[in-house]
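Chemist: My structure is below; once you've seen it, I'll send some questions.
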Amino acid sequence: MKIFPFVSFLVLFSFIGHAQEPFQQALDSVVITSSRIDLPFKENSRTITIITSTDIKNSATTNVADLLQQVAGVDVRRRGADGTQADLYIRGGSFDQTLLLIDGMKLEDAQTGHHTLNMALPLEVIERIEVIKGPAARVFGQNAFTGAINIVTKKQTDDMVSLAVQAGSFGQKNADITVGSNLENSSHIIQVSRNISDGYRYNTDYDNQSYFVKSVFNKNKLPITFIGNYQERKFGANGFYASPAAKDQYEETQTSLVGFSTEIKSDKFTWKPRLYWRNQDMYVFIRDNPSVYRNLHQTNKIAAEVNASYKSGLGITGFGVDFSQTFIASNNLGNHERFTTNLFLEHRFSLLNNALSVTPGIAVSYFSDFKFHAFPGIDIGYQVWGNFQIYANMGYTYRVPTYTDLYYTSPTELGNENLDPEEAISEELGVKFNHNGLRISAAFFNRDSKKLIDYVKANESDSWQATNIAELNTKGFEVNSNYAFFISNFTQNIGLNYTFLEDDLKDVSANFSRYSINSLKHQFVATFRSQFFKNLSQSIVYRYAERTIGESYNVYDASVNYQLQAFEFSVTANNIFNADYTETNLVPAPKGLVLFGLKYRFN
């Protein structure tokens with residue numbers, strides 16, 4: 001008798017499954033824009049996760065850092081609430097080995113990868129997020145050591161104005177205004193937001209502001225896209241850096257992005273030129289006595305790139321070139337410059353009536369301080385039948401040290417001017433199956449790394465020292481499943497995702513490691529996003545994590561949204577059962593965060 005409910009469950013899904021083609025077609029038709037060769041999602045021979053705007057709305061999160069925690073293989077180690085400070089890892093790599101892009105613009109910071117998510121945009125202006133896992137250096141360059149994340153902003157909206165406010169635990173108060181204008185030959189999106197909190201414990205208060213604008217001009221002929229973004233964060237950093245005893249640190253960051261891009265198409269050629277500038281200012285000091293200790297860093301990156309593809313009888317050729325000049329001025333790291341040039345070339349062959357695709361490629365990079373390096377790789381995919389695909393990829397990847405790795409000095413940390421660049425060879429083998437709203441993918445991956453840069457020490461009382469640790473083998477597998485279906489004409493969605501990862505560190509004498517050897521060994525994420533009544537939807541998210549150091553924890557998040565004409569009411573709750581855990585540096589995670597929201601849309 002116990003098996004009857006399970007059998008009934010399967011029978012029900014098989015009955016309603018045939019209604020799910022719109023879900024599958026919508027995702028399959030998404031074109032991955034983060035590569036030179038534009039391909040529909042289902043044709044890519046990589047492990048790529050697409051977070052759609054619908055997923056974002058039903059995610060039970062309020063920021064990108066929390067949202068990415070729900071993706072298998074992604075480890076976001078957060079300090080504080082609301083994504084105020086967070087480090088981004090993919091498949092056991094470090095935060096310096098993951099590249100963040102916004103509309104294809106590369107936002108790496110030569111100072112440190114700690115700032116990667118400082119530029120994460122408000123969810124309100126994001127169309128989707130593309131998460132590319134595995135070796136991606138031949139597509140993006142050296143910072144995509146273990147993967148890349150491309151945030152794709154909304155192209156345009158209807159003429160509208162929306163106002164939203166939220167309030168909740170620990171004095172949280174959020175407010176934002178979004179304006180959309182769709183004119184005859186141009187469109188515009190403007191968004192302004194501010195989030196403040198008293199902090200969930202001593203010296204964890206914050207005041208975060210965001211200003212975003214995106215405009216498309218001449219959209220009926222040759223569209224020119226302008227994007228501007230400014231993020232300011234001011235927050236107490238109780239134990240965020242150094243050691244948990246550093247309770248009085250305070251940090252301020254200002255991050256700016258200005259970019260122009262266009263797309264030129266003909267029968268065979270597609271050209272995508274971009275020009276952009278990224279700025280990062282960071283100030284860290286003791287809150288009540290700044291004269292004792294103060295760090296001021298300013299980095300600027302100016303970049304220009306042209307990516308293109310060419311269609312011929314032999315397939316599709318992708319090629320591109322980019323140039324960037326980076327400047328840093330710092331009272332701790334000194335003043336430095338780095339000029340970088342990247343050349344990219346890849347070609348996609350389609351064989352056996354397009355069932356087999358083979359895409360070899362290479363990136364060649366020049367760094368003014370680390371000379372020339374090449375990143376070859378290959379992707380292979382085979383469509384066994386319409387809904388079942390096997391794929392494999394392999395690539396060489398590389399990362400030059402950041403200025404923090406090379407020059408940083410503090411009472412608890414020491415850089416190392418003699419560091420070598422990191423190197424790795426990565427392989428992946430996977431399968432994908434899609435049918436009637438059911439999506440299942442599984443991938444086995446392996447990465448053999450040499451000269452990884454980590455901060456290590458022999459004794460707990462010693463300072464952290466930047467070092468090229470000898471060798472590290474990282475291997476594992478991940479399984480992703482998602483089922484979308486209808487009940488009473490309402491959309492339901494179930495997701496089950498699991499990642500296993502194992503690190504084998506060789507020939508290292510240090511007893512303590514700060515970054516590279518604290519991976520998520522087991523990661524399980526389950527989501528249920530549902531609607532049973534008109535205008536009322538709800539989401540439940542469960543996460544289980546176990547790190548290589550042995551700590552494990554269970555976290556539950558939930559949200560409820562109710563739509564009443566132009567009004568939207570929401571309740572979002574994070575860590576609702578008050579799990580006691582840390583993600584990095586022994587900083588305890590917030591417990592029982594609840595936000596009540598109200599949004600009104602003027603059309």
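Scheme for the structure tokens: letters A, B, ... for chains in order shown; per-chain residue numbers from 1; ligand numbers from 1 in order shown.
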Apply DSSP to the backbone of this structure and, from stretch 400-588 of chain A, keep only the residues in helix (DSSP H, G or I); write these as a list of chain:residue names.
Modeler: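 Residues meeting the helix (DSSP H, G or I) criterion: A:Tyr403, A:Thr404, A:Asp405, A:Leu406, A:Tyr407.
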Chemist: Selected residues, all heavy atoms, written as a compact mmCIF listing (two decimals), in the first residue's frame, please.
Modeler:
```txt
# COMPACT_ATOMS: atom_id res chain seq x y z
N TYR A 403 46.81 41.73 -7.76
CA TYR A 403 47.73 42.60 -7.03
C TYR A 403 47.70 42.33 -5.54
O TYR A 403 48.71 42.54 -4.84
CB TYR A 403 47.41 44.06 -7.34
CG TYR A 403 47.75 44.46 -8.75
CD1 TYR A 403 46.81 45.06 -9.58
CD2 TYR A 403 49.02 44.21 -9.27
CE1 TYR A 403 47.12 45.41 -10.87
CE2 TYR A 403 49.33 44.57 -10.58
CZ TYR A 403 48.38 45.16 -11.37
OH TYR A 403 48.70 45.49 -12.67
N THR A 404 46.58 41.87 -5.02
CA THR A 404 46.54 41.47 -3.62
C THR A 404 47.42 40.25 -3.38
O THR A 404 48.16 40.18 -2.40
CB THR A 404 45.09 41.17 -3.20
OG1 THR A 404 44.32 42.38 -3.30
CG2 THR A 404 45.03 40.66 -1.77
N ASP A 405 47.35 39.27 -4.29
CA ASP A 405 48.23 38.10 -4.18
C ASP A 405 49.69 38.51 -4.15
O ASP A 405 50.50 37.95 -3.42
CB ASP A 405 48.01 37.16 -5.37
CG ASP A 405 46.64 36.53 -5.40
OD1 ASP A 405 46.04 36.36 -4.33
OD2 ASP A 405 46.16 36.20 -6.51
N LEU A 406 50.04 39.51 -4.95
CA LEU A 406 51.44 39.86 -5.13
C LEU A 406 51.98 40.78 -4.04
O LEU A 406 53.13 40.62 -3.59
CB LEU A 406 51.63 40.52 -6.50
CG LEU A 406 51.37 39.66 -7.74
CD1 LEU A 406 51.31 40.52 -8.98
CD2 LEU A 406 52.45 38.60 -7.88
N TYR A 407 51.18 41.77 -3.62
CA TYR A 407 51.77 42.87 -2.86
C TYR A 407 51.12 43.16 -1.51
O TYR A 407 51.62 44.01 -0.76
CB TYR A 407 51.71 44.16 -3.70
CG TYR A 407 52.37 44.03 -5.04
CD1 TYR A 407 51.62 44.13 -6.22
CD2 TYR A 407 53.74 43.80 -5.15
CE1 TYR A 407 52.23 44.01 -7.47
CE2 TYR A 407 54.35 43.68 -6.40
CZ TYR A 407 53.59 43.78 -7.55
OH TYR A 407 54.18 43.65 -8.78
```
Chemist: Please, which residues in stretch 144-187 of chain A fall within 12 Å of stretch 414-432 of chain A when counting only C-alpha atoms, and what is the closest atom pair and distance in Å to one decimal for each, ordered by chain then residue number, as CSV?
Modeler:
```
residue,atom,partner,partner_atom,distance
A:Ala144,CA,A:Ala424,CA,11.5
A:Phe145,CA,A:Ala424,CA,8.0
A:Thr146,CA,A:Ser426,CA,8.6
A:Gly147,CA,A:Ser426,CA,10.9
```
Chemist: My list of candidates is A:Ile48, A:Ala167, A:Ala545, A:Leu505. Which is closest to A:Gln523 when distances are computed with only C-alpha atoms?
Modeler: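 Closest candidate: A:Ala545.
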Chemist: For A:Gln85, work out the shell of residues within 8 Å, counting only C-alpha atoms and skipping chain neighbours fewer than 5 positions away, then give it as a PyMOL selection string.
Modeler: chain A and resi 78-80+117-118
Chemist: So, counting only C-alpha atoms, which residue among A:His522, A:Lys451, A:Lys506, A:Arg278 is closest to A:Leu101?
Modeler: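 Once distances to A:Leu101 are computed over only C-alpha atoms, the minimum belongs to A:Arg278.
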Chemist: Using the chain letters and numbers from this document, which residues of stretch 341-546 of chain A does DSSP assign to strand (DSSP E or B), as a PDB file with C-alpha atoms, in the first residue's frame?
Modeler:
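Contents of the output file states27.pdb:
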```
ATOM      1  CA  THR A 341      45.443  41.530 -25.170  1.00  0.00           C
ATOM      2  CA  ASN A 342      43.347  38.464 -25.975  1.00  0.00           C
ATOM      3  CA  LEU A 343      42.837  36.770 -29.343  1.00  0.00           C
ATOM      4  CA  PHE A 344      40.073  34.175 -29.703  1.00  0.00           C
ATOM      5  CA  LEU A 345      39.352  31.659 -32.439  1.00  0.00           C
ATOM      6  CA  GLU A 346      36.947  28.716 -32.548  1.00  0.00           C
ATOM      7  CA  HIS A 347      35.026  26.789 -35.190  1.00  0.00           C
ATOM      8  CA  ARG A 348      31.923  24.641 -34.883  1.00  0.00           C
ATOM      9  CA  PHE A 349      31.729  21.660 -37.252  1.00  0.00           C
ATOM     10  CA  SER A 350      28.338  19.986 -37.716  1.00  0.00           C
ATOM     11  CA  LEU A 351      28.513  16.379 -38.924  1.00  0.00           C
ATOM     12  CA  LEU A 356      27.466  15.567 -34.090  1.00  0.00           C
ATOM     13  CA  SER A 357      29.068  18.915 -33.290  1.00  0.00           C
ATOM     14  CA  VAL A 358      32.779  19.469 -32.744  1.00  0.00           C
ATOM     15  CA  THR A 359      34.061  22.879 -31.625  1.00  0.00           C
ATOM     16  CA  PRO A 360      37.820  23.277 -31.192  1.00  0.00           C
ATOM     17  CA  GLY A 361      39.139  26.658 -30.149  1.00  0.00           C
ATOM     18  CA  ILE A 362      42.020  28.581 -28.669  1.00  0.00           C
ATOM     19  CA  ALA A 363      42.636  31.838 -26.843  1.00  0.00           C
ATOM     20  CA  VAL A 364      46.040  33.524 -26.856  1.00  0.00           C
ATOM     21  CA  SER A 365      46.661  36.176 -24.212  1.00  0.00           C
ATOM     22  CA  TYR A 366      49.416  38.679 -23.612  1.00  0.00           C
ATOM     23  CA  PHE A 367      49.966  40.237 -20.184  1.00  0.00           C
ATOM     24  CA  LYS A 371      53.908  37.653 -21.174  1.00  0.00           C
ATOM     25  CA  PHE A 372      52.149  35.230 -23.571  1.00  0.00           C
ATOM     26  CA  HIS A 373      49.910  32.270 -22.715  1.00  0.00           C
ATOM     27  CA  ALA A 374      47.572  30.072 -24.767  1.00  0.00           C
ATOM     28  CA  PHE A 375      44.359  28.313 -23.755  1.00  0.00           C
ATOM     29  CA  PRO A 376      43.313  25.554 -26.186  1.00  0.00           C
ATOM     30  CA  GLY A 377      40.122  23.551 -25.745  1.00  0.00           C
ATOM     31  CA  ILE A 378      37.455  21.511 -27.491  1.00  0.00           C
ATOM     32  CA  ASP A 379      33.707  20.853 -27.084  1.00  0.00           C
ATOM     33  CA  ILE A 380      31.985  17.776 -28.543  1.00  0.00           C
ATOM     34  CA  GLY A 381      28.251  17.051 -28.564  1.00  0.00           C
ATOM     35  CA  TYR A 382      26.207  14.214 -30.024  1.00  0.00           C
ATOM     36  CA  GLN A 383      22.430  14.212 -30.338  1.00  0.00           C
ATOM     37  CA  VAL A 384      21.618  10.528 -29.760  1.00  0.00           C
ATOM     38  CA  TRP A 385      17.990  11.286 -30.537  1.00  0.00           C
ATOM     39  CA  PHE A 388      18.904  12.968 -25.531  1.00  0.00           C
ATOM     40  CA  GLN A 389      22.402  14.405 -25.908  1.00  0.00           C
ATOM     41  CA  ILE A 390      25.853  13.378 -24.726  1.00  0.00           C
ATOM     42  CA  TYR A 391      28.672  15.907 -24.589  1.00  0.00           C
ATOM     43  CA  ALA A 392      32.269  16.312 -23.544  1.00  0.00           C
ATOM     44  CA  ASN A 393      34.709  19.174 -23.297  1.00  0.00           C
ATOM     45  CA  MET A 394      38.330  19.667 -22.377  1.00  0.00           C
ATOM     46  CA  GLY A 395      40.430  22.760 -21.922  1.00  0.00           C
ATOM     47  CA  TYR A 396      43.580  24.294 -20.553  1.00  0.00           C
ATOM     48  CA  THR A 397      43.076  27.227 -18.235  1.00  0.00           C
ATOM     49  CA  TYR A 398      45.269  29.798 -16.539  1.00  0.00           C
ATOM     50  CA  ARG A 399      45.155  32.730 -14.074  1.00  0.00           C
ATOM     51  CA  THR A 409      50.628  43.338   3.582  1.00  0.00           C
ATOM     52  CA  GLU A 413      48.216  38.598   5.636  1.00  0.00           C
ATOM     53  CA  LEU A 414      51.277  38.728   3.399  1.00  0.00           C
ATOM     54  CA  GLU A 422      47.960  29.194 -11.819  1.00  0.00           C
ATOM     55  CA  GLU A 423      47.481  26.432 -14.402  1.00  0.00           C
ATOM     56  CA  ALA A 424      44.970  23.619 -14.897  1.00  0.00           C
ATOM     57  CA  ILE A 425      43.648  21.097 -17.373  1.00  0.00           C
ATOM     58  CA  SER A 426      39.927  20.361 -17.046  1.00  0.00           C
ATOM     59  CA  GLU A 427      37.724  17.670 -18.543  1.00  0.00           C
ATOM     60  CA  GLU A 428      33.984  17.075 -18.444  1.00  0.00           C
ATOM     61  CA  LEU A 429      31.629  14.344 -19.682  1.00  0.00           C
ATOM     62  CA  GLY A 430      27.875  14.819 -19.506  1.00  0.00           C
ATOM     63  CA  VAL A 431      24.407  13.844 -20.689  1.00  0.00           C
ATOM     64  CA  LYS A 432      21.192  15.857 -21.152  1.00  0.00           C
ATOM     65  CA  PHE A 433      17.616  14.660 -21.479  1.00  0.00           C
ATOM     66  CA  ASN A 434      14.582  16.876 -22.148  1.00  0.00           C
ATOM     67  CA  HIS A 435      11.032  15.673 -22.691  1.00  0.00           C
ATOM     68  CA  LEU A 438      11.217  17.095 -17.646  1.00  0.00           C
ATOM     69  CA  ARG A 439      14.863  18.133 -17.805  1.00  0.00           C
ATOM     70  CA  ILE A 440      17.668  15.972 -16.482  1.00  0.00           C
ATOM     71  CA  SER A 441      21.383  16.552 -16.894  1.00  0.00           C
ATOM     72  CA  ALA A 442      24.394  14.866 -15.329  1.00  0.00           C
ATOM     73  CA  ALA A 443      28.081  15.635 -15.679  1.00  0.00           C
ATOM     74  CA  PHE A 444      31.346  14.179 -14.425  1.00  0.00           C
ATOM     75  CA  PHE A 445      34.233  16.647 -14.193  1.00  0.00           C
ATOM     76  CA  ASN A 446      37.924  16.568 -13.383  1.00  0.00           C
ATOM     77  CA  ARG A 447      40.479  19.359 -12.950  1.00  0.00           C
ATOM     78  CA  ASP A 448      44.222  18.907 -12.437  1.00  0.00           C
ATOM     79  CA  SER A 449      45.644  22.175 -11.133  1.00  0.00           C
ATOM     80  CA  LYS A 450      49.214  23.269 -10.605  1.00  0.00           C
ATOM     81  CA  LYS A 451      50.663  26.273  -8.774  1.00  0.00           C
ATOM     82  CA  LEU A 452      47.314  27.235  -7.242  1.00  0.00           C
ATOM     83  CA  ILE A 453      47.544  30.423  -5.213  1.00  0.00           C
ATOM     84  CA  ASP A 454      46.237  30.094  -1.690  1.00  0.00           C
ATOM     85  CA  TYR A 455      46.819  31.730   1.663  1.00  0.00           C
ATOM     86  CA  VAL A 456      48.298  29.163   4.036  1.00  0.00           C
ATOM     87  CA  LYS A 457      50.024  28.983   7.403  1.00  0.00           C
ATOM     88  CA  TRP A 464      48.417  34.059   6.146  1.00  0.00           C
ATOM     89  CA  GLN A 465      51.053  33.810   3.387  1.00  0.00           C
ATOM     90  CA  ALA A 466      50.247  33.813  -0.346  1.00  0.00           C
ATOM     91  CA  THR A 467      51.802  30.667  -1.795  1.00  0.00           C
ATOM     92  CA  ASN A 468      51.717  28.544  -4.923  1.00  0.00           C
ATOM     93  CA  ILE A 469      50.544  25.265  -3.415  1.00  0.00           C
ATOM     94  CA  ALA A 470      51.921  22.248  -5.258  1.00  0.00           C
ATOM     95  CA  GLU A 471      49.137  20.303  -7.007  1.00  0.00           C
ATOM     96  CA  LEU A 472      45.402  19.869  -6.539  1.00  0.00           C
ATOM     97  CA  ASN A 473      43.109  17.378  -8.226  1.00  0.00           C
ATOM     98  CA  THR A 474      39.423  18.258  -8.114  1.00  0.00           C
ATOM     99  CA  LYS A 475      36.876  15.789  -9.372  1.00  0.00           C
ATOM    100  CA  GLY A 476      33.178  15.244  -8.921  1.00  0.00           C
ATOM    101  CA  PHE A 477      29.813  15.032 -10.561  1.00  0.00           C
ATOM    102  CA  GLU A 478      26.548  16.920 -10.576  1.00  0.00           C
ATOM    103  CA  VAL A 479      22.973  16.004 -11.381  1.00  0.00           C
ATOM    104  CA  ASN A 480      20.309  18.577 -12.241  1.00  0.00           C
ATOM    105  CA  SER A 481      16.636  17.787 -12.680  1.00  0.00           C
ATOM    106  CA  ASN A 482      13.641  20.012 -13.205  1.00  0.00           C
ATOM    107  CA  TYR A 483      10.012  19.250 -13.884  1.00  0.00           C
ATOM    108  CA  ALA A 484       7.488  21.877 -14.989  1.00  0.00           C
ATOM    109  CA  PHE A 485       3.811  20.994 -15.149  1.00  0.00           C
ATOM    110  CA  PHE A 486       0.267  22.293 -14.690  1.00  0.00           C
ATOM    111  CA  ILE A 487      -2.249  21.631 -11.956  1.00  0.00           C
ATOM    112  CA  PHE A 490      -1.497  26.827 -12.800  1.00  0.00           C
ATOM    113  CA  THR A 491       2.246  26.429 -13.273  1.00  0.00           C
ATOM    114  CA  GLN A 492       4.159  24.152 -10.890  1.00  0.00           C
ATOM    115  CA  ASN A 493       7.888  23.522 -10.865  1.00  0.00           C
ATOM    116  CA  ILE A 494      10.060  21.032  -8.977  1.00  0.00           C
ATOM    117  CA  GLY A 495      13.848  21.119  -9.033  1.00  0.00           C
ATOM    118  CA  LEU A 496      16.307  18.635  -7.518  1.00  0.00           C
ATOM    119  CA  ASN A 497      20.039  19.309  -7.890  1.00  0.00           C
ATOM    120  CA  TYR A 498      23.074  17.611  -6.365  1.00  0.00           C
ATOM    121  CA  THR A 499      26.841  18.129  -6.608  1.00  0.00           C
ATOM    122  CA  PHE A 500      29.623  15.977  -5.193  1.00  0.00           C
ATOM    123  CA  LEU A 501      33.155  17.324  -5.153  1.00  0.00           C
ATOM    124  CA  GLU A 502      36.422  15.875  -3.882  1.00  0.00           C
ATOM    125  CA  ASP A 503      39.773  17.640  -3.551  1.00  0.00           C
ATOM    126  CA  ASP A 504      43.065  15.749  -3.437  1.00  0.00           C
ATOM    127  CA  LEU A 505      45.776  18.139  -2.292  1.00  0.00           C
ATOM    128  CA  LYS A 506      49.318  16.858  -2.774  1.00  0.00           C
ATOM    129  CA  PHE A 512      45.803  25.764   7.465  1.00  0.00           C
ATOM    130  CA  SER A 513      44.377  26.852   4.104  1.00  0.00           C
ATOM    131  CA  LEU A 520      31.388  22.041  -0.791  1.00  0.00           C
ATOM    132  CA  LYS A 521      31.866  18.274  -0.761  1.00  0.00           C
ATOM    133  CA  HIS A 522      28.125  17.590  -0.867  1.00  0.00           C
ATOM    134  CA  GLN A 523      25.589  20.133  -2.081  1.00  0.00           C
ATOM    135  CA  PHE A 524      21.893  19.405  -2.520  1.00  0.00           C
ATOM    136  CA  VAL A 525      19.254  21.950  -3.527  1.00  0.00           C
ATOM    137  CA  ALA A 526      15.532  21.233  -3.789  1.00  0.00           C
ATOM    138  CA  THR A 527      12.989  23.803  -4.957  1.00  0.00           C
ATOM    139  CA  PHE A 528       9.219  23.719  -5.205  1.00  0.00           C
ATOM    140  CA  ARG A 529       7.625  26.705  -6.911  1.00  0.00           C
ATOM    141  CA  SER A 530       3.884  26.443  -7.068  1.00  0.00           C
ATOM    142  CA  GLN A 531       0.534  28.133  -7.571  1.00  0.00           C
ATOM    143  CA  PHE A 532      -2.830  26.668  -6.598  1.00  0.00           C
ATOM    144  CA  PHE A 533      -5.012  29.793  -6.474  1.00  0.00           C
ATOM    145  CA  LEU A 536      -1.203  33.595  -5.253  1.00  0.00           C
ATOM    146  CA  SER A 537       2.144  31.810  -5.696  1.00  0.00           C
ATOM    147  CA  GLN A 538       4.664  30.391  -3.278  1.00  0.00           C
ATOM    148  CA  SER A 539       8.180  28.932  -3.258  1.00  0.00           C
ATOM    149  CA  ILE A 540      10.097  26.672  -0.909  1.00  0.00           C
ATOM    150  CA  VAL A 541      13.855  26.152  -1.179  1.00  0.00           C
ATOM    151  CA  TYR A 542      15.857  23.586   0.771  1.00  0.00           C
ATOM    152  CA  ARG A 543      19.666  23.506   0.770  1.00  0.00           C
ATOM    153  CA  TYR A 544      21.973  20.930   2.302  1.00  0.00           C
ATOM    154  CA  ALA A 545      25.722  21.550   2.346  1.00  0.00           C
ATOM    155  CA  GLU A 546      28.705  19.679   3.711  1.00  0.00           C
TER     156      GLU A 546
END
```
Chemist: Can you list, as number ranges by chain, every protein, DNA or RNA residue that comes within 9 Å of A:Val76 when you count only C-alpha atoms, leaving out same-chain residues fewer than 3 positions away?
Modeler: A: 65-66, 68-69, 86-90, 583
Chemist: Can you tell me, as a ChimeraX atom specification, what residues are no more than 12 Å from A:Asn578 when counting only C-alpha atoms, ignoring any on the same chain fewer than 4 positions away?
Modeler: /A:553-557,573-574,588-594
Chemist: Between A:Ser291, A:Gln97, A:Ser256, A:Thr61, which residue has the minimum interatomic distance to A:Ala137, considering only C-alpha atoms?
Modeler: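 Under the stated criterion, the closest residue is A:Gln97.
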Chemist: So the first atom is atom CA of A:Lys214 and the second is atom CA of A:Lys234; what is the distance between them in Å, to one decimal place?
Modeler: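 Pair atom CA of A:Lys214 / atom CA of A:Lys234 returns 24.8 Å.
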Chemist: Of the residues A:Lys57, A:Lys219, A:Arg294, A:Lys155, which is the one nearest to A:Thr572, using only C-alpha atoms?
Modeler: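 The shortest atom-to-atom distance to A:Thr572 comes from A:Lys57.
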Chemist: Residues near A:Arg338, anyone? I mean within 9 Å using only C-alpha atoms, not counting same-chain ones fewer than 6 positions away, as an MDAnalysis selection string.
Modeler: chainID A and resid 110 324:328 367:369
Chemist: Just the selected residues (all heavy atoms), exported as a compact mmCIF listing (two decimals), in the first residue's frame, please.
Modeler:
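Listed below is the output, result24.txt:
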```txt
# COMPACT_ATOMS: atom_id res chain seq x y z
N ALA A 110 41.54 43.48 -11.04
CA ALA A 110 42.95 43.10 -10.91
C ALA A 110 43.43 43.16 -9.47
O ALA A 110 44.45 42.57 -9.13
CB ALA A 110 43.82 44.01 -11.78
N SER A 324 42.69 45.62 -23.02
CA SER A 324 42.32 46.28 -21.77
C SER A 324 43.56 46.85 -21.10
O SER A 324 44.66 46.29 -21.19
CB SER A 324 41.61 45.30 -20.82
OG SER A 324 42.48 44.27 -20.39
N GLN A 325 43.36 47.97 -20.45
CA GLN A 325 44.41 48.61 -19.66
C GLN A 325 43.88 48.75 -18.24
O GLN A 325 42.80 49.31 -18.03
CB GLN A 325 44.77 49.97 -20.23
CG GLN A 325 45.87 50.69 -19.48
CD GLN A 325 47.25 50.11 -19.75
OE1 GLN A 325 47.62 49.87 -20.89
NE2 GLN A 325 48.01 49.86 -18.69
N THR A 326 44.62 48.22 -17.29
CA THR A 326 44.20 48.24 -15.90
C THR A 326 45.17 49.10 -15.10
O THR A 326 46.40 49.00 -15.28
CB THR A 326 44.17 46.83 -15.30
OG1 THR A 326 43.25 46.02 -16.05
CG2 THR A 326 43.72 46.86 -13.86
N PHE A 327 44.62 49.93 -14.22
CA PHE A 327 45.42 50.78 -13.34
C PHE A 327 44.99 50.52 -11.91
O PHE A 327 43.80 50.34 -11.62
CB PHE A 327 45.20 52.27 -13.65
CG PHE A 327 45.41 52.65 -15.08
CD1 PHE A 327 44.37 52.58 -16.00
CD2 PHE A 327 46.65 53.09 -15.52
CE1 PHE A 327 44.55 52.94 -17.32
CE2 PHE A 327 46.85 53.45 -16.85
CZ PHE A 327 45.80 53.39 -17.75
N ILE A 328 45.94 50.54 -11.00
CA ILE A 328 45.61 50.46 -9.58
C ILE A 328 46.46 51.48 -8.83
O ILE A 328 47.66 51.63 -9.11
CB ILE A 328 45.82 49.05 -9.01
CG1 ILE A 328 45.39 49.01 -7.54
CG2 ILE A 328 47.26 48.57 -9.16
CD1 ILE A 328 45.31 47.62 -6.95
N PHE A 367 49.99 39.40 -21.38
CA PHE A 367 49.97 40.24 -20.18
C PHE A 367 51.29 40.98 -20.11
O PHE A 367 52.36 40.36 -20.24
CB PHE A 367 49.78 39.40 -18.92
CG PHE A 367 48.59 38.49 -18.95
CD1 PHE A 367 48.71 37.19 -19.41
CD2 PHE A 367 47.35 38.92 -18.52
CE1 PHE A 367 47.63 36.34 -19.44
CE2 PHE A 367 46.25 38.08 -18.56
CZ PHE A 367 46.39 36.79 -19.02
N SER A 368 51.24 42.28 -19.90
CA SER A 368 52.47 43.06 -19.89
C SER A 368 53.43 42.63 -18.79
O SER A 368 54.64 42.84 -18.91
CB SER A 368 52.14 44.55 -19.74
OG SER A 368 51.39 44.78 -18.56
N ASP A 369 52.91 41.99 -17.72
CA ASP A 369 53.78 41.56 -16.64
C ASP A 369 53.94 40.04 -16.56
O ASP A 369 54.72 39.54 -15.74
CB ASP A 369 53.28 42.09 -15.29
CG ASP A 369 51.79 41.89 -15.08
OD1 ASP A 369 51.10 41.45 -16.03
OD2 ASP A 369 51.30 42.20 -13.98
```
Chemist: Report the distance between atom CA of A:Val165 and atom CA of A:Ile196 in Å, rounded to one decimal place.
Modeler: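 According to the coordinates, atom CA of A:Val165 and atom CA of A:Ile196 are separated by 11.7 Å.
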